[in-house]
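Q: To be precise about what I am sending: the file is called final-v5.cif and holds mmCIF, C-alpha atoms and all ligand atoms.
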```
data_final
loop_
_atom_site.label_atom_id
_atom_site.label_comp_id
_atom_site.auth_asym_id
_atom_site.auth_seq_id
_atom_site.Cartn_x
_atom_site.Cartn_y
_atom_site.Cartn_z
CA MET A 1 -124.56 -75.50 -84.67
CA GLU A 2 -125.03 -77.59 -81.56
CA PHE A 3 -126.92 -75.71 -78.82
CA ILE A 4 -124.87 -74.83 -75.75
CA THR A 5 -125.78 -72.54 -72.87
CA ARG A 6 -124.44 -69.00 -72.84
CA ARG A 7 -122.38 -69.83 -69.75
CA GLU A 8 -120.81 -72.89 -71.38
CA PHE A 9 -120.14 -70.83 -74.45
CA ILE A 10 -118.38 -68.10 -72.48
CA LYS A 11 -116.27 -70.68 -70.69
CA SER A 12 -115.04 -72.19 -73.92
CA THR A 13 -114.51 -69.12 -76.11
CA GLY A 14 -113.05 -65.64 -75.96
CA ILE A 15 -114.84 -62.41 -75.15
CA ALA A 16 -114.79 -61.05 -78.69
CA ALA A 17 -116.40 -64.18 -80.08
CA ALA A 18 -118.93 -64.19 -77.24
CA SER A 19 -120.09 -60.66 -77.94
CA ALA A 20 -120.34 -61.34 -81.67
CA VAL A 21 -122.51 -64.40 -81.10
CA SER A 22 -124.67 -62.66 -78.52
CA ILE A 23 -125.75 -60.27 -81.27
CA ALA A 24 -126.89 -63.23 -83.33
CA PHE A 25 -128.68 -65.07 -80.52
CA LEU A 26 -129.90 -62.18 -78.34
CA PRO A 27 -130.99 -59.36 -80.66
CA GLY A 28 -132.54 -57.40 -77.76
CA ILE A 29 -129.19 -56.61 -76.14
CA ALA A 30 -128.43 -52.89 -76.07
CA PHE A 31 -124.90 -52.31 -77.29
CA SER A 32 -123.33 -48.92 -77.06
CA ALA A 33 -120.72 -49.61 -79.70
CA SER A 34 -121.26 -51.01 -83.15
CA SER A 35 -118.21 -53.24 -82.72
CA GLY A 36 -120.24 -55.30 -80.25
CA GLU A 37 -118.15 -54.23 -77.29
CA ALA A 38 -119.84 -54.13 -73.91
CA ALA A 39 -121.07 -50.72 -72.71
CA PHE A 40 -119.05 -49.01 -69.99
CA ALA A 41 -122.05 -48.87 -67.69
CA ALA A 42 -123.23 -49.85 -64.23
CA SER A 43 -126.98 -50.11 -64.54
CA ALA A 44 -127.49 -53.19 -62.37
CA VAL A 45 -124.30 -53.83 -60.38
CA ILE A 46 -122.78 -50.65 -58.92
CA GLN A 47 -119.90 -52.33 -57.07
CA PRO A 48 -117.37 -53.75 -57.86
CA SER A 49 -116.81 -51.15 -60.52
CA PHE A 50 -113.97 -49.29 -62.14
CA ALA A 51 -114.15 -46.63 -59.37
CA ALA A 52 -114.81 -49.05 -56.50
CA PRO A 53 -112.95 -52.24 -57.37
CA ALA A 54 -112.82 -55.54 -55.49
CA ILE A 55 -109.53 -57.10 -54.40
CA ALA A 56 -110.09 -60.79 -53.68
CA LEU A 57 -108.06 -63.90 -52.93
CA SER A 58 -107.83 -66.40 -55.76
CA GLY A 59 -110.70 -68.88 -55.55
CA GLN A 60 -112.62 -66.81 -52.98
CA SER A 61 -115.97 -65.07 -53.45
CA PHE A 62 -116.36 -61.29 -53.37
CA PRO A 63 -119.48 -59.21 -52.68
CA PHE A 64 -121.41 -57.05 -55.13
CA ARG A 65 -124.02 -54.30 -54.73
CA LEU A 66 -127.07 -53.94 -56.92
CA SER A 67 -128.16 -50.47 -57.99
CA PRO A 68 -131.28 -49.39 -56.04
CA SER A 69 -132.86 -48.40 -59.34
CA GLY A 70 -131.67 -51.58 -61.04
CA ALA A 71 -132.74 -53.89 -58.23
CA ARG A 72 -135.36 -55.47 -60.47
CA ALA A 73 -132.68 -56.40 -63.00
CA SER A 74 -131.49 -59.97 -63.01
CA ILE A 75 -127.92 -60.99 -63.73
CA ASP A 76 -128.02 -63.46 -66.60
CA SER A 77 -124.30 -64.12 -66.53
CA ALA A 78 -121.13 -62.63 -65.11
CA TRP A 79 -117.49 -63.21 -65.74
CA ILE A 80 -114.09 -61.59 -65.38
CA ALA A 81 -111.37 -61.51 -68.03
CA SER A 82 -108.12 -59.69 -68.60
CA PRO A 83 -107.87 -58.03 -72.05
CA GLY A 84 -107.48 -60.76 -74.65
CA GLY A 85 -107.44 -63.36 -71.86
CA LYS A 86 -109.58 -66.32 -70.98
CA PRO A 87 -112.88 -65.53 -69.20
CA PHE A 88 -113.57 -66.84 -65.69
CA VAL A 89 -117.27 -67.36 -65.08
CA LEU A 90 -118.75 -66.08 -61.83
CA SER A 91 -121.73 -67.71 -60.20
CA VAL A 92 -124.07 -65.47 -58.21
CA GLU A 93 -125.05 -66.33 -54.67
CA ASN A 94 -126.32 -64.20 -51.75
CA GLY A 95 -124.89 -60.96 -53.06
CA HIS A 96 -121.54 -62.56 -53.88
CA PHE A 97 -119.75 -63.46 -57.07
CA ILE A 98 -118.06 -66.87 -56.85
CA PRO A 99 -115.49 -67.82 -59.51
CA THR A 100 -116.36 -71.29 -60.80
CA VAL A 101 -112.66 -71.86 -61.57
CA PRO A 102 -110.02 -70.02 -59.46
CA PRO A 103 -108.59 -67.22 -61.63
CA PRO A 104 -104.82 -66.70 -61.40
CA PRO A 105 -103.58 -63.50 -59.70
CA GLY A 106 -103.90 -60.42 -61.91
CA MET A 107 -106.13 -57.55 -63.01
CA TYR A 108 -109.50 -58.31 -64.55
CA ASP A 109 -112.37 -56.48 -66.20
CA LEU A 110 -115.86 -57.38 -65.00
CA TYR A 111 -118.49 -58.32 -67.61
CA LEU A 112 -122.19 -58.66 -66.96
CA GLU A 113 -125.20 -59.64 -68.94
CA VAL A 114 -128.27 -58.27 -67.20
CA SER A 115 -131.93 -58.17 -68.09
CA MET A 116 -135.00 -56.34 -66.96
CA GLY A 117 -138.08 -57.89 -68.48
CA SER A 118 -137.34 -58.35 -72.16
CA ASN A 119 -134.58 -55.70 -72.12
CA LYS A 120 -131.08 -57.04 -72.02
CA ARG A 121 -127.80 -55.23 -71.46
CA PHE A 122 -124.19 -56.25 -71.85
CA GLU A 123 -121.94 -54.21 -69.58
CA LYS A 124 -118.27 -53.92 -68.71
CA GLN A 125 -116.34 -52.38 -65.81
CA PRO A 126 -112.62 -52.16 -66.63
CA LEU A 127 -110.05 -52.90 -63.90
CA ALA A 128 -112.88 -53.72 -61.48
CA VAL A 129 -111.41 -56.90 -59.99
CA LYS A 130 -107.91 -57.70 -58.76
CA ILE A 131 -107.14 -61.28 -57.77
CA VAL A 132 -104.26 -61.84 -55.38
CA GLU A 133 -102.62 -64.95 -53.95
CA ARG A 134 -102.36 -63.36 -50.50
CA PHE A 135 -102.78 -60.00 -48.85
CA LYS A 136 -99.33 -58.62 -48.05
CA THR A 137 -98.50 -57.24 -44.59
CA ASP A 138 -95.95 -54.81 -46.06
CA TYR A 139 -97.07 -53.12 -49.22
CA CYS A 140 -97.27 -49.83 -51.10
CA PHE A 141 -100.26 -47.99 -52.51
CA GLY A 142 -100.48 -44.87 -54.67
CA ALA A 143 -102.44 -41.68 -53.97
CA ILE A 144 -103.34 -39.22 -56.73
CA SER A 145 -105.81 -36.36 -57.07
CA ASP A 146 -107.06 -33.54 -59.30
CA VAL A 147 -105.96 -34.98 -62.64
CA HIS A 148 -108.28 -32.55 -64.48
CA PHE A 149 -108.58 -33.91 -68.01
CA GLY A 150 -109.46 -30.96 -70.28
CA ASP A 151 -108.02 -28.30 -67.95
CA PRO A 152 -106.03 -25.79 -70.03
CA ARG A 153 -104.69 -23.75 -67.07
CA ILE A 154 -101.31 -25.42 -66.55
CA SER A 155 -100.40 -25.53 -70.25
CA SER A 156 -100.26 -21.73 -70.19
CA MET A 157 -97.71 -21.95 -67.34
CA ILE A 158 -95.57 -24.91 -68.47
CA LYS A 159 -94.84 -25.11 -72.19
CA ASP A 160 -96.06 -28.29 -73.93
CA PHE A 161 -97.61 -29.65 -70.74
CA SER A 162 -100.10 -32.40 -71.52
CA VAL A 163 -102.49 -33.71 -68.85
CA GLU A 164 -102.78 -37.03 -70.65
CA GLU A 165 -99.02 -37.56 -71.12
CA THR A 166 -98.31 -36.51 -67.52
CA PHE A 167 -100.93 -38.90 -66.20
CA LYS A 168 -99.53 -41.73 -68.36
CA LYS A 169 -96.07 -41.07 -66.92
CA GLU A 170 -97.51 -41.22 -63.39
CA ILE A 171 -99.28 -44.50 -64.12
CA GLN A 172 -95.90 -45.85 -65.26
CA ILE A 173 -94.27 -44.74 -61.98
CA LEU A 174 -97.07 -46.43 -60.02
CA ASN A 175 -96.65 -49.62 -62.09
CA GLU A 176 -92.88 -49.62 -61.51
CA ASN A 177 -93.42 -49.32 -57.77
CA GLN A 178 -95.72 -52.36 -57.90
CA ILE A 179 -98.46 -50.71 -55.88
CA GLU A 180 -101.25 -52.96 -54.64
CA PHE A 181 -103.87 -50.31 -55.44
CA CYS A 182 -104.26 -46.58 -55.94
CA VAL A 183 -106.65 -44.04 -54.41
CA CYS A 184 -107.79 -40.99 -56.40
CA CYS A 185 -109.43 -38.09 -54.55
CA GLY A 186 -111.47 -36.65 -57.43
CA ASP A 187 -111.49 -33.90 -60.04
CA LEU A 188 -110.84 -36.18 -62.98
CA SER A 189 -112.33 -33.62 -65.33
CA PHE A 190 -112.75 -29.87 -65.86
CA LEU A 191 -116.02 -28.25 -66.98
CA PRO A 192 -119.30 -29.44 -68.47
CA PRO A 193 -120.44 -29.80 -71.18
CA ARG A 194 -116.89 -30.39 -72.37
CA SER A 195 -116.49 -33.00 -69.66
CA LYS A 196 -119.08 -35.33 -71.23
CA LYS A 197 -116.12 -37.47 -72.17
CA GLU A 198 -113.43 -36.36 -69.76
CA ILE A 199 -114.20 -38.64 -66.81
CA ILE A 200 -114.06 -41.45 -69.37
CA ASP A 201 -110.70 -40.12 -70.65
CA TYR A 202 -109.38 -40.61 -67.10
CA ALA A 203 -110.74 -44.17 -67.05
CA ASP A 204 -109.35 -44.92 -70.51
CA ALA A 205 -105.86 -43.71 -69.52
CA LEU A 206 -105.85 -46.06 -66.54
CA THR A 207 -107.43 -48.93 -68.45
CA SER A 208 -104.82 -48.80 -71.19
CA ALA A 209 -101.79 -48.83 -68.89
CA ALA A 210 -102.44 -49.47 -65.18
CA LYS A 211 -101.51 -52.78 -63.59
CA PHE A 212 -103.47 -51.89 -60.44
CA PRO A 213 -107.03 -51.06 -59.38
CA THR A 214 -107.91 -47.45 -58.47
CA PHE A 215 -110.44 -46.40 -55.83
CA THR A 216 -111.85 -43.13 -57.13
CA VAL A 217 -114.27 -40.58 -55.65
CA PRO A 218 -115.81 -37.57 -57.41
CA GLY A 219 -114.62 -34.00 -56.96
CA ASN A 220 -116.60 -30.83 -57.63
CA HIS A 221 -115.43 -30.80 -61.25
CA ASP A 222 -116.91 -34.30 -61.70
CA GLY A 223 -120.22 -33.12 -60.30
CA TYR A 224 -120.82 -29.85 -62.13
CA THR A 225 -124.09 -29.41 -63.93
CA SER A 226 -124.91 -27.05 -66.77
CA GLY A 227 -128.14 -25.36 -67.76
CA ALA A 228 -129.98 -22.07 -67.51
CA GLY A 229 -133.31 -20.78 -66.29
CA GLY A 230 -133.50 -23.40 -63.56
CA LYS A 231 -133.27 -26.25 -66.07
CA ILE A 232 -130.35 -28.66 -65.78
CA ASN A 233 -129.32 -30.02 -69.15
CA PHE A 234 -126.21 -31.97 -68.17
CA ASP A 235 -125.16 -33.49 -64.85
CA THR A 236 -121.62 -34.87 -64.70
CA LEU A 237 -122.37 -36.69 -61.43
CA ALA A 238 -125.27 -38.52 -63.09
CA GLN A 239 -122.87 -39.54 -65.85
CA TRP A 240 -120.48 -40.80 -63.15
CA THR A 241 -123.23 -42.94 -61.62
CA ARG A 242 -124.24 -44.40 -65.00
CA SER A 243 -120.64 -45.20 -65.93
CA PHE A 244 -118.83 -45.94 -62.67
CA GLY A 245 -121.68 -47.01 -60.37
CA VAL A 246 -121.32 -46.25 -56.71
CA LEU A 247 -120.47 -42.87 -55.11
CA ASP A 248 -119.97 -43.83 -51.44
CA TYR A 249 -118.48 -47.26 -50.80
CA SER A 250 -116.66 -49.64 -48.54
CA ALA A 251 -113.96 -51.82 -50.06
CA SER A 252 -110.84 -53.51 -48.77
CA TYR A 253 -107.38 -54.89 -49.31
CA GLY A 254 -107.15 -57.64 -46.67
CA ASP A 255 -107.42 -55.92 -43.29
CA THR A 256 -107.14 -52.41 -44.81
CA ALA A 257 -110.57 -50.81 -45.25
CA ILE A 258 -110.90 -48.34 -48.13
CA LEU A 259 -113.93 -46.08 -47.67
CA GLY A 260 -115.04 -43.78 -50.49
CA VAL A 261 -117.00 -40.64 -49.61
CA ASN A 262 -118.72 -38.37 -52.14
CA THR A 263 -118.14 -34.94 -50.57
CA TYR A 264 -120.03 -33.13 -53.37
CA ASN A 265 -123.49 -34.40 -52.55
CA ALA A 266 -125.46 -31.21 -53.28
CA SER A 267 -128.63 -31.01 -55.38
CA PRO A 268 -128.04 -30.50 -59.16
CA ASP A 269 -129.06 -26.79 -59.04
CA LYS A 270 -126.39 -26.10 -56.40
CA ARG A 271 -123.78 -27.78 -58.61
CA ASN A 272 -124.61 -25.65 -61.67
CA ILE A 273 -121.34 -23.97 -62.62
CA PHE A 274 -123.16 -21.56 -64.94
CA GLY A 275 -126.15 -21.01 -62.67
CA GLY A 276 -124.97 -17.95 -60.75
CA LEU A 277 -124.95 -19.38 -57.22
CA GLY A 278 -121.52 -17.86 -56.65
CA GLU A 279 -118.36 -19.23 -55.15
CA VAL A 280 -120.11 -21.80 -52.96
CA VAL A 281 -120.70 -23.87 -56.11
CA ASP A 282 -117.30 -25.54 -55.60
CA SER A 283 -117.64 -26.42 -51.94
CA GLY A 284 -118.27 -29.71 -50.17
CA TYR A 285 -121.64 -30.99 -48.96
CA VAL A 286 -122.55 -34.17 -47.12
CA THR A 287 -126.24 -34.81 -46.43
CA ASP A 288 -127.90 -36.17 -43.26
CA GLU A 289 -129.12 -39.26 -45.10
CA GLN A 290 -125.63 -39.89 -46.46
CA LEU A 291 -124.10 -39.47 -42.98
CA LEU A 292 -126.43 -42.18 -41.64
CA SER A 293 -125.40 -44.60 -44.37
CA LEU A 294 -121.68 -43.73 -43.98
CA ASP A 295 -122.03 -44.31 -40.22
CA ALA A 296 -123.37 -47.84 -40.83
CA MET A 297 -120.72 -48.49 -43.51
CA PHE A 298 -117.85 -47.33 -41.27
CA ALA A 299 -119.24 -49.22 -38.23
CA GLU A 300 -119.09 -52.49 -40.19
CA VAL A 301 -115.32 -52.27 -40.64
CA LYS A 302 -114.47 -50.59 -37.32
CA GLN A 303 -113.52 -53.78 -35.50
CA THR A 304 -112.46 -55.97 -38.40
CA SER A 305 -109.94 -53.68 -40.14
CA LYS A 306 -106.47 -52.88 -38.85
CA LEU A 307 -106.15 -49.77 -41.00
CA LYS A 308 -109.15 -47.64 -41.99
CA ILE A 309 -108.55 -45.25 -44.87
CA ALA A 310 -111.31 -42.93 -46.05
CA LEU A 311 -111.02 -40.84 -49.19
CA GLY A 312 -113.02 -37.89 -50.46
CA HIS A 313 -112.42 -34.69 -52.38
CA HIS A 314 -113.06 -31.84 -49.92
CA ASN A 315 -111.33 -31.55 -46.55
CA PRO A 316 -113.99 -30.83 -43.90
CA THR A 317 -111.57 -29.07 -41.51
CA ASN A 318 -111.55 -25.99 -43.82
CA THR A 319 -108.00 -25.30 -42.61
CA VAL A 320 -106.57 -24.76 -46.10
CA LYS A 321 -108.50 -22.32 -48.29
CA ASP A 322 -108.94 -22.97 -51.99
CA VAL A 323 -107.21 -20.06 -53.71
CA ASN A 324 -108.61 -19.49 -57.17
CA GLY A 325 -107.25 -16.32 -58.80
CA PRO A 326 -108.32 -13.40 -56.58
CA PHE A 327 -110.80 -15.55 -54.62
CA GLU A 328 -110.29 -17.50 -51.43
CA ILE A 329 -112.94 -20.19 -51.25
CA VAL A 330 -113.83 -22.18 -48.15
CA PRO A 331 -113.59 -25.84 -49.20
CA PHE A 332 -116.60 -27.17 -47.25
CA THR A 333 -120.06 -25.67 -46.63
CA GLU A 334 -121.58 -26.14 -43.18
CA THR A 335 -123.87 -28.87 -44.62
CA GLY A 336 -122.53 -31.98 -42.91
CA ARG A 337 -119.02 -30.58 -42.35
CA LEU A 338 -118.74 -30.97 -38.56
CA GLU A 339 -120.87 -34.12 -38.66
CA LEU A 340 -118.42 -35.76 -41.09
CA LEU A 341 -115.49 -34.89 -38.81
CA SER A 342 -117.40 -36.33 -35.82
CA LEU A 343 -118.05 -39.48 -37.82
CA PHE A 344 -114.31 -39.92 -38.49
CA GLU A 345 -113.74 -39.64 -34.75
CA LYS A 346 -116.63 -41.92 -33.74
CA GLN A 347 -115.68 -44.69 -36.18
CA SER A 348 -111.89 -44.37 -35.59
CA ILE A 349 -110.98 -43.57 -39.17
CA ASP A 350 -107.16 -43.58 -39.25
CA TYR A 351 -106.62 -41.53 -42.42
CA PHE A 352 -108.68 -39.26 -44.65
CA PHE A 353 -107.10 -38.68 -48.07
CA CYS A 354 -108.47 -35.65 -49.90
CA GLY A 355 -107.60 -33.26 -52.73
CA HIS A 356 -109.22 -30.05 -54.03
CA VAL A 357 -106.63 -27.44 -52.98
CA HIS A 358 -103.85 -28.79 -55.26
CA GLY A 359 -101.15 -28.85 -52.61
CA ILE A 360 -99.31 -30.95 -50.03
CA TYR A 361 -100.73 -30.62 -46.52
CA ARG A 362 -100.99 -32.82 -43.43
CA GLU A 363 -103.05 -32.23 -40.30
CA ARG A 364 -104.75 -34.13 -37.54
CA TYR A 365 -108.36 -34.07 -36.36
CA ALA A 366 -108.84 -36.15 -33.18
CA ASN A 367 -107.31 -39.51 -34.17
CA THR A 368 -107.63 -39.02 -37.92
CA GLU A 369 -104.63 -37.98 -39.99
CA ILE A 370 -105.85 -35.80 -42.84
CA VAL A 371 -103.62 -36.05 -45.91
CA THR A 372 -104.13 -33.62 -48.77
CA VAL A 373 -102.94 -35.13 -52.04
CA PRO A 374 -101.39 -32.67 -54.55
CA THR A 375 -102.64 -32.25 -58.12
CA ALA A 376 -101.40 -34.92 -60.52
CA ALA A 377 -101.71 -32.80 -63.67
CA SER A 378 -103.26 -29.37 -63.07
CA ARG A 379 -102.21 -25.96 -61.79
CA PRO A 380 -100.71 -26.44 -58.31
CA ALA A 381 -101.19 -24.06 -55.36
CA ASP A 382 -98.44 -21.45 -55.01
CA GLY A 383 -95.18 -23.07 -53.96
CA HIS A 384 -96.48 -26.62 -54.44
CA PRO A 385 -95.45 -29.12 -57.15
CA VAL A 386 -97.45 -31.30 -59.51
CA ALA A 387 -96.95 -34.60 -57.70
CA ILE A 388 -98.27 -37.99 -56.59
CA TYR A 389 -97.77 -39.99 -53.38
CA LEU A 390 -96.37 -43.44 -52.74
CA VAL A 391 -97.72 -44.67 -49.42
CA LYS A 392 -95.99 -47.48 -47.53
CA VAL A 393 -97.95 -49.73 -45.17
CA SER A 394 -96.44 -52.13 -42.68
CA ASP A 395 -98.49 -54.36 -40.39
CA GLY A 396 -101.61 -52.20 -40.50
CA LYS A 397 -99.82 -48.85 -40.15
CA ILE A 398 -98.82 -46.22 -42.69
CA THR A 399 -95.08 -45.84 -42.21
CA ASP A 400 -94.21 -43.40 -44.99
CA ILE A 401 -95.84 -41.07 -47.50
CA GLU A 402 -93.33 -40.27 -50.23
CA THR A 403 -93.95 -37.33 -52.57
CA VAL A 404 -92.96 -38.02 -56.16
CA LYS A 405 -92.55 -34.63 -57.85
CA ILE A 406 -93.55 -34.52 -61.51
CA ALA A 407 -93.28 -30.81 -62.34
CA GLU A 408 -92.60 -27.52 -60.59
CA LEU A 409 -93.53 -24.03 -61.75
FE FE B 501 -109.19 -29.66 -58.56
#
```
The structure given in the file should be rewritten as structure tokens.
Ligand SMILES: [Fe+2]
A:
Amino acid sequence: MEFITRREFIKSTGIAAASAVSIAFLPGIAFSASSGEAAFAASAVIQPSFAAPAIALSGQSFPFRLSPSGARASIDSAWIASPGGKPFVLSVENGHFIPTVPPPPGMYDLYLEVSMGSNKRFEKQPLAVKIVERFKTDYCFGAISDVHFGDPRISSMIKDFSVEETFKKEIQILNENQIEFCVCCGDLSFLPPRSKKEIIDYADALTSAAKFPTFTVPGNHDGYTSGAGGKINFDTLAQWTRSFGVLDYSASYGDTAILGVNTYNASPDKRNIFGGLGEVVDSGYVTDEQLLSLDAMFAEVKQTSKLKIALGHHNPTNTVKDVNGPFEIVPFTETGRLELLSLFEKQSIDYFFCGHVHGIYRERYANTEIVTVPTAASRPADGHPVAIYLVKVSDGKITDIETVKIAEL
């Protein structure tokens, strides 16, 4: 066989053939699947990722972030491809990916070959890149929350209710409405250690059907740890980081800024659902260090974006209590709660989309509209439906938030 570079090879052949040959030529590559498929992992590049996608104009570059722990890793090659489609090679320059040939508009998975010393990895982030011809002035986006894969609670209230089937139906509705993107305010999963796979179930459901990218942040259920005697044996949030990359992020659709906030930033022992720390285990935390980095992130888009949308799981106003059986739980601890609200005010955040309480609520804090997104597939709060939102934007303003009811108790 005539020798060609890996990059040339990728340009001229399909992904399946490329991964098969990489086994033959690069035996050091760590594959997670015996089929030779790329691992769903974000060891070197943490954004764009499945949870923090990039939406770029055709032929334009888009930025990426290296993992602080993977900063020593080098990117051997990068490309985007739609399933079964032709790959588009990305060159790497100054923290940006630059398509060598303009990809046509559509949804793409991001593929990376990275190495650290003699260790090589072949990684994939599904639905991580959307290429558009132009950014629309009038468009629609979807908002979902609290999908809760693995949660049995609602199936005891509605006969034959399936989280997976309900979520698939919602993805179909979002596809039919031709949304530009979706935001998801967390709680993809239920409890560890069962949830070892459940955040991936959420990703798989979207990957198999969605025609849009989804900006996702973790909820408390995606951050639970398990263990006893002070020893943590499983951390769902660590699994999130390994699979989906970034936890706090700044992304955009044209002049709309989309700012992801991890509101469950407590130490692993405080997130231990079996560890006996009581009801506060569910509540929101934002650390001082995180607030500093969010401040810088928000400041960067303050002047350049017409519409600034933040999303997180817990609502820091604590106006709506989380009712769980006989307990009324305050959604946010005092760790960073008021500081996060002040940050929204200081950086003129227009909207904060959140979840957690499984209901439909709207309120205002200073100039920020706080929109609670209902549960997409779990037990709703009393008197509230299982539902999703369709959000209409016109010339940098949200003009309508439509509730699409899926089920009522
Ligand atoms: Fe939830």
Q: Can you tell me which residues surround A:Ala381 at a distance of at most 9 Å, considering all atoms listed in the file, apart from same-chain residues fewer than 6 positions away, and format the answer as a list in words?
A: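 Returned residues: Asp322, Val323, Asn324, Val357, His358, Gly359, Ile360, Pro374 and Thr375 of chain A.
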Q: For stretch 94-96 of chain A, list every protein, DNA or RNA residue within 7 Å, evaluated using all atoms listed in the file, and leave out those in the same chain fewer than 6 positions away; present the list as a PyMOL selection string.
A: chain A and resi 61-65
Q: Can you tell me which residues surround stretch 219-226 of chain A at a distance of at most 7 Å, considering only C-alpha atoms, apart from same-chain residues fewer than 5 positions away, and format the answer as an MDAnalysis selection string?
A: chainID A and resid 186:193 232:237 264 268 271:274 282 313
Q: Given the choices A:Ala73, A:Ile154, A:Val92, A:Ala128, which gets closest to ligand FE 501 (chain B) if the distance is worked out from all atoms listed in the file?
A: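 The answer is A:Ile154, which sits nearest to ligand FE 501 (chain B).
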Q: Dig up all the protein and nucleic acid residues within 10 Å of (-103.2, -45.6, -65.3) in the file frame, using only C-alpha atoms, and format them as a list in words.
A: Phe167, Lys168, Lys169, Glu170, Ile171, Gln172, Ile173, Leu174, Asn175, Cys182, Tyr202, Ala203, Asp204, Ala205, Leu206, Thr207, Ser208, Ala209, Ala210, Lys211, Phe212, Pro213 and Thr214 of chain A
Q: Quick one, how far is atom CA of A:Pro103 from atom CA of A:Ile309?
A: 27.6 Å
Q: So which one's closest to ligand FE 501 (chain B), A:Arg362, A:Arg153, A:Lys270, A:Lys306? Using all atoms listed in the file, please.
A: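 Ranked by minimum distance to ligand FE 501 (chain B), first place goes to A:Arg153.
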Q: Just want the 8 Å neighbourhood of A:Lys392, counted on all atoms listed in the file, with same-chain residues fewer than 5 positions away dropped. Output as a ChimeraX atom specification.
A: /A:138-141,398-401
Q: In Å, rounded to a single decimal, give me how far atom CA of A:Thr241 is from atom CA of A:Lys321.
A: 28.6 Å
